[in-house]
Amino acid sequence: MLYMFAFDNVGVVVGDLYFVDPEPHKGQEGAEHGVRLELRTVEQGQLVDSIYAAYPIAVDRPVWRADFLESVDGTPGSFDRTHHHPVFTGWDPGKRVFVRELSADPLGWLADRLADLDGLLRAGGFPADTAGPNDAAELRRAAPEIVDATRRLLERVRTGELGNRPEGAAAAPAEGRPQALVRSGWL
């Protein structure tokens, strides 16, 4: 499942996730599942055909990411692997940043972040004009819907409906063959 909220120059994508880190840090071994949310740049293309044609919309570079993850074998509701990535280098996220407030109140923490687009851009090293003139206000206005979509996806992960190991995939990477397993719109 993948949701998208798009504004003038930025947007938010939210989807379920099943993930196995091929080179985990100590204490981060084993499969994780949950919800991934990314702030991304978006671009509306030009009309291709008639005035009735659909506009192309490109979801582009990541600006910021929050991963509301838990150990698959852990306690549901623990948010023991929940973190964010305030910085990207191109398409690659920086290191995981664990914040106590994020694990304690993930949806409240998310709502606070979505209310500060300028801060997210600044922390990620993006210029303020990455966003359109109305993007910050529109993101704040849509934040309750985005937080609700995240909550609903987390509930579906907890019930086992989403965030599961892809069918036919091994539970762990084969010896000597590191690979990440990712499910949903995050392929």
# chains A, B, ... in the order shown; residues from 1 in each chain; ligands from 1
call {"tool": "select_by_dssp", "arguments": {"residues": "region 7-149 of chain A", "states": "strand (DSSP E)", "output": "PyMOL selection string"}}
result
chain A and resi 10-20+32-44+57-71+83-85+88-89+92-93
call {"tool": "residues_around", "arguments": {"residues": "Arg158 (chain A)", "least_positions_apart": "2", "cutoff": "10 Å", "atoms": "only C-alpha atoms", "output": "list of chain:residue names"}}
result
A:His33, A:Gly34, A:Glu70, A:Val72, A:Pro76, A:Gly77, A:Arg152, A:Leu153, A:Leu154, A:Glu155, A:Arg156, A:Gly160, A:Glu161, A:Leu162, A:Gly163
call {"tool": "write_last_selection", "arguments": {"atoms": "N, CA, C and O atoms", "output": "compact mmCIF listing (two decimals), in the first residue's frame"}}
result
# COMPACT_ATOMS: atom_id res chain seq x y z
N HIS A 33 9.57 -4.49 10.27
CA HIS A 33 8.41 -4.11 9.46
C HIS A 33 7.73 -2.91 10.10
O HIS A 33 7.95 -2.59 11.25
N GLY A 34 6.95 -2.23 9.27
CA GLY A 34 6.26 -1.04 9.74
C GLY A 34 5.88 -0.15 8.59
O GLY A 34 5.45 -0.62 7.53
N GLU A 70 9.45 -1.78 13.62
CA GLU A 70 9.60 -2.63 14.79
C GLU A 70 10.23 -3.93 14.35
O GLU A 70 10.10 -4.34 13.19
N VAL A 72 10.38 -7.65 13.65
CA VAL A 72 9.31 -8.60 13.33
C VAL A 72 9.11 -9.56 14.50
O VAL A 72 7.98 -9.91 14.85
N PRO A 76 4.88 -6.06 19.51
CA PRO A 76 4.11 -5.07 18.75
C PRO A 76 3.88 -3.80 19.59
O PRO A 76 3.58 -3.88 20.78
N GLY A 77 4.06 -2.67 18.97
CA GLY A 77 3.88 -1.40 19.66
C GLY A 77 5.14 -0.88 20.32
O GLY A 77 5.13 0.18 20.93
N ARG A 152 -3.21 4.33 10.20
CA ARG A 152 -3.97 3.21 9.62
C ARG A 152 -3.04 2.13 9.07
O ARG A 152 -3.29 0.94 9.23
N LEU A 153 -1.95 2.56 8.41
CA LEU A 153 -1.00 1.58 7.89
C LEU A 153 -0.33 0.82 9.02
O LEU A 153 -0.14 -0.41 8.93
N LEU A 154 0.05 1.52 10.09
CA LEU A 154 0.65 0.83 11.24
C LEU A 154 -0.31 -0.21 11.82
O LEU A 154 0.12 -1.32 12.17
N GLU A 155 -1.59 0.13 11.91
CA GLU A 155 -2.58 -0.83 12.40
C GLU A 155 -2.64 -2.06 11.50
O GLU A 155 -2.72 -3.19 11.98
N ARG A 156 -2.58 -1.86 10.20
CA ARG A 156 -2.65 -2.99 9.26
C ARG A 156 -1.37 -3.83 9.31
O ARG A 156 -1.43 -5.04 9.08
N GLY A 160 -1.04 -7.96 10.69
CA GLY A 160 -0.45 -8.92 9.76
C GLY A 160 -0.93 -8.79 8.33
O GLY A 160 -0.53 -9.56 7.46
N GLU A 161 -1.77 -7.82 8.08
CA GLU A 161 -2.29 -7.61 6.73
C GLU A 161 -1.23 -7.01 5.80
O GLU A 161 -1.18 -7.34 4.62
N LEU A 162 -0.38 -6.12 6.33
CA LEU A 162 0.67 -5.46 5.54
C LEU A 162 2.02 -5.63 6.24
O LEU A 162 2.09 -6.07 7.38
N GLY A 163 3.07 -5.23 5.55
CA GLY A 163 4.41 -5.25 6.13
C GLY A 163 4.97 -6.64 6.32
O GLY A 163 5.76 -6.88 7.24
call {"tool": "residues_around", "arguments": {"residues": "Phe88 (chain A)", "least_positions_apart": "3", "cutoff": "8 Å", "atoms": "only C-alpha atoms", "output": "MDAnalysis selection string"}}
result
chainID A and resid 62:64 85 91:94 124
call {"tool": "select_by_dssp", "arguments": {"residues": "region 17-153 of chain A", "states": "helix (DSSP H, G or I)", "output": "ChimeraX atom specification"}}
result
/A:100-104,106-114,117-123,128-130,135-153
call {"tool": "write_last_selection", "arguments": {"atoms": "C-alpha atoms", "output": "compact mmCIF listing (two decimals), in the first residue's frame"}}
result
# COMPACT_ATOMS: atom_id res chain seq x y z
CA ARG A 100 13.51 9.02 22.27
CA GLU A 101 10.47 11.24 21.54
CA LEU A 102 9.98 9.52 18.18
CA SER A 103 9.67 6.08 19.76
CA ALA A 104 7.61 7.38 22.70
CA PRO A 106 5.67 8.49 16.91
CA LEU A 107 2.55 10.09 15.47
CA GLY A 108 2.79 13.21 17.63
CA TRP A 109 6.46 13.53 16.68
CA LEU A 110 5.53 13.14 13.00
CA ALA A 111 2.86 15.84 13.24
CA ASP A 112 5.46 18.22 14.72
CA ARG A 113 7.93 17.50 11.89
CA LEU A 114 5.29 18.01 9.20
CA LEU A 117 8.88 22.09 6.36
CA ASP A 118 11.51 24.85 6.49
CA GLY A 119 13.30 23.01 9.32
CA LEU A 120 13.26 19.69 7.43
CA LEU A 121 14.68 21.34 4.32
CA ARG A 122 17.34 23.18 6.31
CA ALA A 123 18.40 20.05 8.25
CA ALA A 128 14.26 27.02 1.09
CA ASP A 129 13.15 27.44 -2.53
CA THR A 130 13.05 23.64 -2.91
CA ASP A 135 3.95 24.07 0.27
CA ALA A 136 4.63 24.68 3.99
CA ALA A 137 1.06 25.85 4.64
CA GLU A 138 -0.45 23.04 2.55
CA LEU A 139 1.72 20.42 4.28
CA ARG A 140 0.62 21.72 7.71
CA ARG A 141 -3.01 21.64 6.53
CA ALA A 142 -2.65 18.04 5.26
CA ALA A 143 -0.62 16.85 8.27
CA PRO A 144 -3.65 15.37 10.11
CA GLU A 145 -4.53 13.30 7.01
CA ILE A 146 -0.91 12.17 6.59
CA VAL A 147 -0.65 11.21 10.26
CA ASP A 148 -3.97 9.35 10.01
CA ALA A 149 -2.81 7.43 6.92
CA THR A 150 0.37 6.50 8.79
CA ARG A 151 -1.67 5.34 11.79
CA ARG A 152 -3.97 3.21 9.62
CA LEU A 153 -1.00 1.58 7.89
call {"tool": "closest_atom_pairs", "arguments": {"of": "region 25-49 of chain A", "to": "region 1-17 of chain A", "cutoff": "10 Å", "atoms": "only C-alpha atoms", "output": "Markdown table"}}
result
| residue | atom | partner | partner_atom | distance |
| --- | --- | --- | --- | --- |
| A:Glu32 | CA | A:Leu17 | CA | 8.0 |
| A:His33 | CA | A:Leu17 | CA | 5.4 |
| A:Gly34 | CA | A:Leu17 | CA | 5.3 |
| A:Val35 | CA | A:Asp16 | CA | 4.4 |
| A:Arg36 | CA | A:Gly15 | CA | 5.6 |
| A:Leu37 | CA | A:Val14 | CA | 4.4 |
| A:Glu38 | CA | A:Val13 | CA | 5.4 |
| A:Leu39 | CA | A:Val12 | CA | 4.6 |
| A:Arg40 | CA | A:Gly11 | CA | 5.3 |
| A:Thr41 | CA | A:Val10 | CA | 4.2 |
| A:Val42 | CA | A:Val10 | CA | 5.0 |
| A:Glu43 | CA | A:Asn9 | CA | 6.0 |
| A:Gln44 | CA | A:Asp8 | CA | 8.0 |
call {"tool": "write_last_selection", "arguments": {"atoms": "N, CA, C and O atoms", "output": "PDB file, in the first residue's frame"}}
result
ATOM      1  N   GLU A  32      12.620  -6.292  10.007  1.00  0.00           N
ATOM      2  CA  GLU A  32      11.846  -5.189  10.558  1.00  0.00           C
ATOM      3  C   GLU A  32      10.616  -4.997   9.677  1.00  0.00           C
ATOM      4  O   GLU A  32      10.648  -5.303   8.495  1.00  0.00           O
ATOM      5  N   HIS A  33       9.570  -4.486  10.269  1.00  0.00           N
ATOM      6  CA  HIS A  33       8.407  -4.108   9.464  1.00  0.00           C
ATOM      7  C   HIS A  33       7.733  -2.908  10.098  1.00  0.00           C
ATOM      8  O   HIS A  33       7.946  -2.590  11.254  1.00  0.00           O
ATOM      9  N   GLY A  34       6.947  -2.230   9.268  1.00  0.00           N
ATOM     10  CA  GLY A  34       6.264  -1.036   9.740  1.00  0.00           C
ATOM     11  C   GLY A  34       5.877  -0.151   8.586  1.00  0.00           C
ATOM     12  O   GLY A  34       5.454  -0.625   7.527  1.00  0.00           O
ATOM     13  N   VAL A  35       6.080   1.156   8.780  1.00  0.00           N
ATOM     14  CA  VAL A  35       5.671   2.151   7.801  1.00  0.00           C
ATOM     15  C   VAL A  35       6.837   3.087   7.525  1.00  0.00           C
ATOM     16  O   VAL A  35       7.510   3.544   8.444  1.00  0.00           O
ATOM     17  N   ARG A  36       7.052   3.363   6.251  1.00  0.00           N
ATOM     18  CA  ARG A  36       8.066   4.335   5.816  1.00  0.00           C
ATOM     19  C   ARG A  36       7.341   5.550   5.263  1.00  0.00           C
ATOM     20  O   ARG A  36       6.410   5.424   4.468  1.00  0.00           O
ATOM     21  N   LEU A  37       7.803   6.726   5.682  1.00  0.00           N
ATOM     22  CA  LEU A  37       7.260   7.993   5.204  1.00  0.00           C
ATOM     23  C   LEU A  37       8.429   8.819   4.699  1.00  0.00           C
ATOM     24  O   LEU A  37       9.435   8.952   5.391  1.00  0.00           O
ATOM     25  N   GLU A  38       8.295   9.340   3.484  1.00  0.00           N
ATOM     26  CA  GLU A  38       9.341  10.192   2.927  1.00  0.00           C
ATOM     27  C   GLU A  38       8.766  11.505   2.429  1.00  0.00           C
ATOM     28  O   GLU A  38       7.709  11.528   1.789  1.00  0.00           O
ATOM     29  N   LEU A  39       9.498  12.574   2.722  1.00  0.00           N
ATOM     30  CA  LEU A  39       9.253  13.862   2.101  1.00  0.00           C
ATOM     31  C   LEU A  39      10.096  13.861   0.831  1.00  0.00           C
ATOM     32  O   LEU A  39      11.296  13.589   0.886  1.00  0.00           O
ATOM     33  N   ARG A  40       9.464  14.128  -0.301  1.00  0.00           N
ATOM     34  CA  ARG A  40      10.155  14.072  -1.591  1.00  0.00           C
ATOM     35  C   ARG A  40       9.878  15.335  -2.388  1.00  0.00           C
ATOM     36  O   ARG A  40       8.879  16.012  -2.169  1.00  0.00           O
ATOM     37  N   THR A  41      10.751  15.622  -3.338  1.00  0.00           N
ATOM     38  CA  THR A  41      10.439  16.669  -4.301  1.00  0.00           C
ATOM     39  C   THR A  41       9.481  16.071  -5.324  1.00  0.00           C
ATOM     40  O   THR A  41       9.516  14.870  -5.601  1.00  0.00           O
ATOM     41  N   VAL A  42       8.595  16.894  -5.854  1.00  0.00           N
ATOM     42  CA  VAL A  42       7.673  16.464  -6.904  1.00  0.00           C
ATOM     43  C   VAL A  42       7.702  17.507  -8.012  1.00  0.00           C
ATOM     44  O   VAL A  42       8.029  18.668  -7.790  1.00  0.00           O
ATOM     45  N   GLU A  43       7.370  17.050  -9.195  1.00  0.00           N
ATOM     46  CA  GLU A  43       7.348  17.957 -10.337  1.00  0.00           C
ATOM     47  C   GLU A  43       6.164  17.621 -11.225  1.00  0.00           C
ATOM     48  O   GLU A  43       5.969  16.473 -11.615  1.00  0.00           O
ATOM     49  N   GLN A  44       5.374  18.643 -11.522  1.00  0.00           N
ATOM     50  CA  GLN A  44       4.269  18.465 -12.467  1.00  0.00           C
ATOM     51  C   GLN A  44       4.777  18.806 -13.846  1.00  0.00           C
ATOM     52  O   GLN A  44       5.333  19.879 -14.065  1.00  0.00           O
TER      53      GLN A  44
END
call {"tool": "closest_residue", "arguments": {"among": "A:Gly45, A:Pro24, A:Ala53, A:Phe19", "to": "Asp67 (chain A)", "atoms": "only C-alpha atoms"}}
result
A:Phe19
call {"tool": "closest_residue", "arguments": {"among": "A:Glu167, A:Ala54, A:Gly74, A:Asp60", "to": "Glu29 (chain A)", "atoms": "only C-alpha atoms"}}
result
A:Gly74
call {"tool": "atom_distance", "arguments": {"atom1": "CA of His84 (chain A)", "atom2": "CA of Arg61 (chain A)"}}
result
16.3 Å
call {"tool": "closest_residue", "arguments": {"among": "A:Asn134, A:Arg96, A:Val48, A:Gly90", "to": "Ala66 (chain A)", "atoms": "only C-alpha atoms"}}
result
A:Arg96
call {"tool": "closest_residue", "arguments": {"among": "A:Ala131, A:Ile51, A:Ile57, A:Val20", "to": "Arg81 (chain A)", "atoms": "only C-alpha atoms"}}
result
A:Val20
call {"tool": "decode", "arguments": {"residues": "region 39-50 of chain A", "atoms": "N, CA and C atoms", "output": "short mmCIF file (atom, residue, chain, number, x, y, z; two decimals), in the first residue's frame"}}
result
data_model
loop_
_atom_site.label_atom_id
_atom_site.label_comp_id
_atom_site.auth_asym_id
_atom_site.auth_seq_id
_atom_site.Cartn_x
_atom_site.Cartn_y
_atom_site.Cartn_z
N LEU A 39 9.50 12.57 2.72
CA LEU A 39 9.25 13.86 2.10
C LEU A 39 10.10 13.86 0.83
N ARG A 40 9.46 14.13 -0.30
CA ARG A 40 10.16 14.07 -1.59
C ARG A 40 9.88 15.33 -2.39
N THR A 41 10.75 15.62 -3.34
CA THR A 41 10.44 16.67 -4.30
C THR A 41 9.48 16.07 -5.32
N VAL A 42 8.60 16.89 -5.85
CA VAL A 42 7.67 16.46 -6.90
C VAL A 42 7.70 17.51 -8.01
N GLU A 43 7.37 17.05 -9.20
CA GLU A 43 7.35 17.96 -10.34
C GLU A 43 6.16 17.62 -11.22
N GLN A 44 5.37 18.64 -11.52
CA GLN A 44 4.27 18.46 -12.47
C GLN A 44 4.78 18.81 -13.85
N GLY A 45 4.61 17.89 -14.76
CA GLY A 45 5.06 18.10 -16.13
C GLY A 45 4.09 18.94 -16.94
N GLN A 46 4.43 19.12 -18.18
CA GLN A 46 3.61 19.89 -19.12
C GLN A 46 2.55 18.99 -19.74
N LEU A 47 1.47 19.61 -20.19
CA LEU A 47 0.45 18.86 -20.92
C LEU A 47 1.08 18.17 -22.12
N VAL A 48 0.73 16.92 -22.31
CA VAL A 48 1.29 16.15 -23.42
C VAL A 48 0.39 16.21 -24.64
N ASP A 49 -0.89 16.11 -24.42
CA ASP A 49 -1.83 16.06 -25.54
C ASP A 49 -2.81 17.23 -25.44
N SER A 50 -4.07 16.91 -25.32
CA SER A 50 -5.11 17.94 -25.29
C SER A 50 -5.20 18.60 -23.91
#
